[in-house]
Every structure is written in C-alpha cells, then in structure tokens.
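Peer 1: This is data.csv (CSV, C-alpha atoms).
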```
chain,number,residue,atom,x,y,z
A,1,MET,CA,73.8,-217.1,-233.1
A,2,LYS,CA,76.8,-218.8,-234.6
A,3,ASN,CA,80.2,-217.4,-233.6
A,4,LEU,CA,78.6,-214.5,-231.6
A,5,ILE,CA,81.1,-212.2,-230.0
A,6,SER,CA,80.2,-210.9,-226.6
A,7,ILE,CA,82.0,-207.6,-226.0
A,8,ILE,CA,82.5,-206.8,-222.2
A,9,ILE,CA,82.8,-203.1,-221.4
A,10,PRO,CA,83.0,-201.8,-217.8
A,11,TYR,CA,82.1,-198.1,-217.5
A,12,PHE,CA,83.3,-195.7,-214.8
A,13,LYS,CA,83.5,-192.0,-215.6
A,14,LYS,CA,84.6,-192.3,-219.2
A,15,LYS,CA,82.2,-189.9,-220.8
A,16,GLU,CA,84.9,-187.9,-222.6
A,17,PHE,CA,85.9,-190.9,-224.8
A,18,PHE,CA,83.0,-193.3,-224.7
A,19,LYS,CA,81.3,-192.3,-227.9
A,20,GLU,CA,84.5,-192.9,-229.8
A,21,THR,CA,84.9,-196.3,-228.2
A,22,ILE,CA,81.4,-197.4,-229.2
A,23,GLU,CA,81.8,-196.0,-232.7
A,24,SER,CA,84.8,-198.2,-233.1
A,25,VAL,CA,82.6,-201.2,-232.3
A,26,LYS,CA,79.8,-200.1,-234.5
A,27,ASN,CA,82.3,-199.7,-237.4
A,28,GLN,CA,83.6,-203.3,-237.1
A,29,SER,CA,83.5,-205.2,-240.4
A,30,TYR,CA,82.4,-208.2,-238.3
A,31,LYS,CA,78.8,-207.5,-237.3
A,32,ASN,CA,77.8,-210.6,-235.2
A,33,PHE,CA,78.3,-209.2,-231.8
A,34,GLU,CA,76.6,-208.2,-228.6
A,35,ILE,CA,77.7,-205.4,-226.2
A,36,ILE,CA,77.5,-206.0,-222.4
A,37,LEU,CA,78.0,-202.8,-220.6
A,38,ILE,CA,78.5,-202.8,-216.9
A,39,TYR,CA,77.8,-199.4,-215.4
A,40,ASP,CA,80.1,-199.4,-212.4
A,41,ASP,CA,79.5,-196.0,-210.8
A,42,ILE,CA,77.3,-195.1,-207.8
A,43,ASP,CA,76.9,-191.7,-209.5
A,44,LYS,CA,74.2,-192.3,-212.1
A,45,THR,CA,74.8,-188.9,-213.9
A,46,ASP,CA,76.3,-190.6,-217.0
A,47,LEU,CA,73.7,-193.4,-217.3
A,48,LYS,CA,71.4,-191.5,-219.6
A,49,PHE,CA,74.3,-190.6,-221.9
A,50,VAL,CA,75.5,-194.2,-221.9
A,51,LYS,CA,72.1,-195.6,-222.8
A,52,HIS,CA,71.7,-193.0,-225.6
A,53,THR,CA,75.2,-193.9,-227.0
A,54,LEU,CA,74.2,-197.5,-227.1
A,55,LYS,CA,70.7,-196.9,-228.5
A,56,LYS,CA,71.5,-198.1,-232.1
A,57,ILE,CA,73.3,-201.2,-230.9
A,58,LYS,CA,70.9,-204.0,-231.8
A,59,TYR,CA,72.1,-206.6,-229.3
A,60,LYS,CA,73.1,-205.2,-225.9
A,61,LYS,CA,72.7,-205.6,-222.2
A,62,ILE,CA,73.3,-202.8,-219.6
A,63,ILE,CA,74.1,-204.0,-216.1
A,64,ILE,CA,73.9,-201.3,-213.4
A,65,ASN,CA,75.9,-201.9,-210.3
A,66,LYS,CA,74.5,-200.6,-207.0
A,67,ASN,CA,78.0,-200.1,-205.7
A,68,ASN,CA,81.4,-199.5,-207.4
A,69,LEU,CA,82.7,-203.0,-207.7
A,70,GLY,CA,85.8,-202.4,-209.9
A,71,ALA,CA,86.6,-203.4,-213.4
A,72,GLY,CA,87.4,-207.1,-212.7
A,73,ILE,CA,84.3,-207.9,-210.8
A,74,SER,CA,82.2,-206.0,-213.3
A,75,ARG,CA,83.6,-208.0,-216.1
A,76,ASN,CA,82.7,-211.2,-214.3
A,77,LEU,CA,79.1,-210.0,-214.1
A,78,GLY,CA,79.2,-209.3,-217.9
A,79,ILE,CA,80.7,-212.6,-218.7
A,80,LYS,CA,77.9,-214.3,-216.7
A,81,LYS,CA,75.3,-212.6,-218.8
A,82,SER,CA,77.1,-213.2,-222.1
A,83,LYS,CA,75.8,-215.6,-224.8
A,84,GLY,CA,78.8,-215.5,-227.2
A,85,LYS,CA,81.0,-218.3,-228.3
A,86,PHE,CA,83.8,-215.7,-228.0
A,87,ILE,CA,84.5,-213.1,-225.4
A,88,ALA,CA,86.2,-209.8,-226.2
A,89,PHE,CA,87.3,-207.2,-223.7
A,90,LEU,CA,87.2,-203.5,-224.3
A,91,ASP,CA,87.8,-200.6,-221.9
A,92,ALA,CA,85.4,-197.7,-222.2
A,93,ASP,CA,88.1,-195.3,-223.5
A,94,ASP,CA,90.0,-197.6,-225.8
A,95,VAL,CA,89.5,-197.8,-229.6
A,96,TRP,CA,89.4,-200.8,-232.0
A,97,TYR,CA,90.5,-200.7,-235.6
A,98,LYS,CA,87.9,-201.5,-238.2
A,99,ASN,CA,88.8,-205.1,-238.9
A,100,LYS,CA,89.9,-206.1,-235.4
A,101,ILE,CA,87.3,-208.8,-234.7
A,102,LYS,CA,87.3,-210.2,-238.2
A,103,LYS,CA,91.0,-210.6,-238.4
A,104,GLN,CA,91.4,-212.1,-235.0
A,105,ILE,CA,88.6,-214.7,-235.5
A,106,ASN,CA,90.1,-215.7,-238.8
A,107,PHE,CA,93.5,-216.0,-237.1
A,108,MET,CA,92.1,-218.1,-234.3
A,109,ARG,CA,90.5,-220.5,-236.8
A,110,LYS,CA,93.6,-220.8,-238.9
A,111,LYS,CA,95.9,-221.3,-236.0
A,112,LYS,CA,93.4,-223.4,-234.0
A,113,VAL,CA,94.0,-221.4,-230.8
A,114,HIS,CA,91.4,-220.4,-228.2
A,115,PHE,CA,93.1,-217.2,-226.9
A,116,SER,CA,94.4,-214.4,-229.1
A,117,PHE,CA,95.7,-210.9,-228.7
A,118,SER,CA,97.5,-208.3,-230.9
A,119,ASN,CA,99.9,-205.4,-231.1
A,120,TYR,CA,98.4,-202.1,-229.8
A,121,SER,CA,99.2,-198.4,-229.9
A,122,ILE,CA,99.3,-196.1,-226.9
A,123,ILE,CA,97.4,-192.9,-227.5
A,124,ASN,CA,96.8,-189.8,-225.4
A,125,LYS,CA,93.6,-187.9,-224.8
A,126,ASN,CA,94.0,-186.2,-228.2
A,127,ASN,CA,94.4,-189.5,-230.0
A,128,LYS,CA,98.1,-188.8,-230.7
A,129,ILE,CA,100.0,-192.1,-230.9
A,130,ILE,CA,102.7,-192.2,-228.3
A,131,LYS,CA,104.1,-195.6,-229.0
A,132,ILE,CA,103.3,-198.9,-230.7
A,133,ILE,CA,103.6,-202.0,-228.4
A,134,LYS,CA,104.5,-205.1,-230.4
A,135,ALA,CA,103.1,-208.4,-228.9
A,136,PRO,CA,105.3,-211.5,-228.7
A,137,LYS,CA,104.2,-214.3,-231.1
A,138,GLN,CA,103.2,-216.6,-228.2
A,139,ILE,CA,103.2,-216.3,-224.5
A,140,LYS,CA,103.7,-219.0,-222.0
A,141,PHE,CA,103.4,-219.0,-218.2
A,142,ILE,CA,107.2,-218.6,-217.6
A,143,ASP,CA,107.1,-215.5,-219.9
A,144,LEU,CA,104.2,-214.0,-218.1
A,145,LEU,CA,105.9,-214.3,-214.7
A,146,PHE,CA,108.3,-211.5,-215.8
A,147,ALA,CA,106.3,-209.4,-218.2
A,148,CYS,CA,102.7,-208.8,-219.1
A,149,ASP,CA,102.7,-208.2,-222.9
A,150,ILE,CA,99.0,-208.8,-223.4
A,151,GLY,CA,96.8,-205.7,-223.9
A,152,LEU,CA,93.4,-206.3,-222.4
A,153,SER,CA,91.4,-204.6,-225.1
A,154,SER,CA,93.2,-206.7,-227.7
A,155,VAL,CA,92.1,-210.0,-226.2
A,156,ILE,CA,89.5,-212.4,-227.8
A,157,LEU,CA,89.1,-215.8,-226.3
A,158,GLU,CA,86.6,-218.6,-226.4
A,159,SER,CA,84.0,-218.2,-223.7
A,160,ASN,CA,84.4,-221.8,-222.4
A,161,LEU,CA,87.8,-220.8,-221.0
A,162,LEU,CA,86.0,-218.7,-218.4
A,163,LYS,CA,83.6,-221.3,-217.1
A,164,ASN,CA,85.7,-221.9,-214.1
A,165,ARG,CA,87.8,-218.8,-214.0
A,166,LYS,CA,87.1,-215.2,-213.0
A,167,PHE,CA,88.8,-211.9,-212.7
A,168,SER,CA,90.0,-211.0,-209.2
A,169,GLY,CA,88.9,-208.0,-207.2
A,170,LEU,CA,92.4,-206.3,-207.5
A,171,LYS,CA,92.3,-202.6,-208.4
A,172,THR,CA,94.9,-203.1,-211.1
A,173,LYS,CA,96.4,-206.2,-212.8
A,174,GLU,CA,93.2,-208.2,-212.4
A,175,ASP,CA,93.7,-209.1,-216.1
A,176,TYR,CA,97.3,-210.1,-215.6
A,177,LEU,CA,96.3,-212.6,-212.9
A,178,LEU,CA,93.7,-214.2,-215.2
A,179,TRP,CA,96.2,-214.5,-218.0
A,180,LEU,CA,98.6,-216.2,-215.5
A,181,SER,CA,95.9,-218.6,-214.5
A,182,LEU,CA,95.1,-219.5,-218.2
A,183,ALA,CA,98.8,-219.9,-219.1
A,184,LYS,CA,99.5,-222.0,-216.0
A,185,ASP,CA,96.8,-224.4,-217.2
A,186,GLY,CA,98.6,-224.7,-220.6
A,187,ILE,CA,96.2,-222.6,-222.7
A,188,LYS,CA,97.9,-221.6,-226.0
A,189,MET,CA,98.0,-217.8,-226.2
A,190,MET,CA,99.1,-216.4,-229.5
A,191,SER,CA,99.2,-212.9,-231.0
A,192,ILE,CA,98.3,-211.7,-234.5
A,193,ASN,CA,101.2,-209.5,-235.7
A,194,GLU,CA,99.1,-206.4,-236.4
A,195,THR,CA,98.1,-203.3,-234.5
A,196,LEU,CA,94.4,-203.6,-234.0
A,197,VAL,CA,93.7,-201.5,-230.8
A,198,SER,CA,94.5,-198.1,-229.4
A,199,TRP,CA,95.0,-198.1,-225.6
A,200,ARG,CA,94.3,-194.6,-224.1
A,201,LYS,CA,96.8,-193.4,-221.5
A,202,THR,CA,95.1,-190.8,-219.2
A,203,ASP,CA,96.6,-189.1,-216.2
A,204,ASN,CA,93.8,-190.2,-213.8
A,205,SER,CA,93.7,-193.8,-214.9
A,206,LEU,CA,94.1,-196.4,-212.1
A,207,SER,CA,96.3,-198.3,-214.5
A,208,THR,CA,98.8,-195.4,-214.4
A,209,SER,CA,99.1,-195.5,-210.5
A,210,VAL,CA,102.6,-196.8,-209.9
A,211,ILE,CA,102.1,-197.5,-206.2
A,212,GLN,CA,98.8,-199.4,-206.8
A,213,LYS,CA,100.4,-201.4,-209.6
A,214,LEU,CA,103.4,-202.4,-207.4
A,215,SER,CA,101.1,-203.4,-204.5
A,216,ASP,CA,98.9,-205.5,-206.7
A,217,ALA,CA,101.8,-207.1,-208.4
A,218,PHE,CA,103.3,-208.2,-205.1
A,219,THR,CA,99.9,-209.6,-204.1
A,220,ILE,CA,99.7,-211.7,-207.2
A,221,TYR,CA,103.2,-213.2,-206.6
A,222,ASN,CA,102.9,-213.6,-202.9
A,223,LYS,CA,99.2,-214.4,-202.3
A,224,TYR,CA,98.1,-216.1,-205.4
A,225,LEU,CA,101.3,-217.7,-206.7
A,226,LYS,CA,102.6,-218.5,-203.2
A,227,PHE,CA,106.0,-217.0,-203.8
A,228,ASN,CA,107.9,-216.1,-200.6
A,229,PHE,CA,108.6,-212.5,-199.7
A,230,VAL,CA,112.0,-212.2,-201.4
A,231,LYS,CA,111.0,-214.0,-204.5
A,232,SER,CA,107.9,-211.8,-204.8
A,233,ILE,CA,109.9,-208.6,-204.5
A,234,LEU,CA,112.3,-209.8,-207.2
A,235,HIS,CA,109.5,-210.6,-209.6
A,236,VAL,CA,107.9,-207.2,-208.9
A,237,PHE,CA,111.2,-205.6,-209.7
A,238,ALA,CA,111.6,-207.6,-213.0
A,239,LEU,CA,108.0,-206.9,-214.0
A,240,SER,CA,108.5,-203.2,-213.4
A,241,LEU,CA,111.7,-203.1,-215.4
A,242,ASN,CA,110.0,-204.8,-218.3
A,243,PHE,CA,107.0,-202.4,-218.1
A,244,LEU,CA,109.3,-199.3,-218.1
A,245,ASN,CA,111.2,-200.8,-221.1
A,246,LYS,CA,108.0,-201.5,-223.0
A,247,ARG,CA,106.3,-198.2,-222.4
A,248,TYR,CA,109.0,-195.6,-222.2
A,249,LEU,CA,112.3,-196.8,-223.7
```
As structure tokens - that is how I would like this structure written.
Peer 2:
Amino acid sequence: MKNLISIIIPYFKKKEFFKETIESVKNQSYKNFEIILIYDDIDKTDLKFVKHTLKKIKYKKIIINKNNLGAGISRNLGIKKSKGKFIAFLDADDVWYKNKIKKQINFMRKKKVHFSFSNYSIINKNNKIIKIIKAPKQIKFIDLLFACDIGLSSVILESNLLKNRKFSGLKTKEDYLLWLSLAKDGIKMMSINETLVSWRKTDNSLSTSVIQKLSDAFTIYNKYLKFNFVKSILHVFALSLNFLNKRYL
C-alpha cells in the first residue's frame, strides 16, 4: 500500500495504559497504517488482553518473544516484519494526538526530510501534563552528543534508513544510540513545531532509572563512539545536566 506507516510497539507489562495507547492509534486521521506489536514478556498473562485490544485493527502482526529481549531488540524484530514506506515508534503507554501521523507525513513531504520528530508532553499515570518538551528545529550529530531532544514516540522515519541499522541491546538509551548513528551519517533530522505526543512518566519505568541511564550513556560514548574514559565521563555529565534542565527546570 502506498505510503503505509508501520507502527512498532514493544509490549512489556503495560496493561494499565495499553488500551489508551491503541485508541490513540485507532483515532488517527491518517488511516493507512499497520501495527506490529512485539510481546516481550515470558509471562503470557497479558497476551489474551493484548490480542483482544488489537482485535479491530485491520492490519496487524503480533510477534511473541520466547524470552524477554528488551525494547531495542524487540523493535528490530518488528522492523524486520514491517512493510511500510515509513516507520513510526510508539511505546505501549504513550499517547498520540489525533493528527499526529497526518501532520508529520505532510511536514516530511514539504521539507523533503526522511526523519521527523515533534514536541511532546510529559504526563503522569493520571494523564496530568507535567511539562511540555519543545524540540529543536533541527538536530545534528554535534547537538546529539550533548543532549537527546528526540522523543522516541514522536519519531517517524523512512524505512530505508533502517536497512543497515538496528537498535542496540542496551536497557536504556537504545534509541539515542540509533539517532547518533543516523546523525553521524548526515541524515537530516527535523522537528515539527507542534505537540503531537504524550510521553508517560511512571515510577517503575526503566527510562527513569538514573543509574541505568548513566551506565548506558557511558557505554555509548566509550564503547560505541570510542571516546576515552575522561571524555566519556564529561559527556555523560553534560548529557545529564541537559536532561535535568529539560525535564525538571
């Protein structure tokens, strides 16, 4: 199908919010999409619920992992099974605004870019908006080295960008490493200046684990970017300051 959007959703113990996430997809004004759900939990208790929630989605695939592989590796499996010209990422507890896909696709056509993202709101478990995160107009590799201002669930990119690239197996920041790889190769990454996504902040989320985030950030700089120990520590410090400024100040 022309201009099909493949929506990649890893699922791991998100039952409380999953229906709302899927409703936000079903309510999209842009209807040419498929959902690829990767069930990444060795506990299959939620599987029946997940299948029922996706029942009325016309085009879908459900991939069931035998073991817990993590969000990054699960997304890779979803991407491999996707058929869309475009890939969109959505975490199983985040929420899209109604015109999210339509506005971004139109923006990408107009600007002739292959990677887009947007502003997003941070919400709590009760859907209360905590803060609005405004995305920079354009991000380059040098910018990403010091701050990750790309919300995963706001990203839409052309699928051909991922033919030779994958998410890493890091527990957190696996998306950050992929964005760095794309930016380093000169891919133009632009944002639409609208809030199109709500990112849900939960107390038990891996992405809120400070120690894990610091450890994974150091691994990115030291192992993947080949920075020496001191340079890696300095970049972790800068990244952390920018994160605190963005989320809390």
Peer 1: Do you have the atom CA of Trp179 of chain A-atom CA of Met108 of chain A distance handy?
Peer 2: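 These atoms are spaced 17.2 Å apart.
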Peer 1: Just the residues within 10 Å of segment 37-42 of chain A, please, counting all atoms listed in the file, with nothing from its chain fewer than 2 positions along; format it as a VMD selection string.
Peer 2: chain A and resid 7 to 13 34 to 35 44 to 47 50 to 51 54 60 to 71 73 to 78 90 92
Peer 1: So the first atom is atom CA of Phe86 of chain A and the second is atom CA of Ile133 of chain A; what is the distance between them in Å, to one decimal place?
Peer 2: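 Computed distance, atom CA of Phe86 of chain A to atom CA of Ile133 of chain A, equals 24.1 Å.
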Peer 1: Considering all atoms listed in the file, can you say which of A:Phe146, A:Tyr176, A:Phe33, A:Tyr224 comes closest to Phe237 of chain A?
Peer 2: A:Phe146
Peer 1: So that I can check the surroundings of Met190 of chain A, please list as a list in words every protein, DNA and RNA residue that reaches within 7 Å of it, counting all atoms listed in the file and ignoring chain neighbours fewer than 2 positions away.
Peer 2: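 Non-adjacent residues within range: Phe115, Ser116, Phe117, Lys137, Gln138, Ile139, Lys188 and Ile192 of chain A.
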Peer 1: Could you pull the residues within 12 Å of Asn126 of chain A, counting all atoms listed in the file, minus those fewer than 2 positions along the same chain, as a PyMOL selection string?
Peer 2: chain A and resi 16-17+20+93+122-124+128-130+198+200-202
Peer 1: Which residue gives the smallest distance to Lys98 of chain A among A:Lys31, A:Arg247, A:Lys213, A:Lys19, with all atoms listed in the file counted?
Peer 2: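 Checking each candidate against Lys98 of chain A, we get A:Lys31 as the closest.
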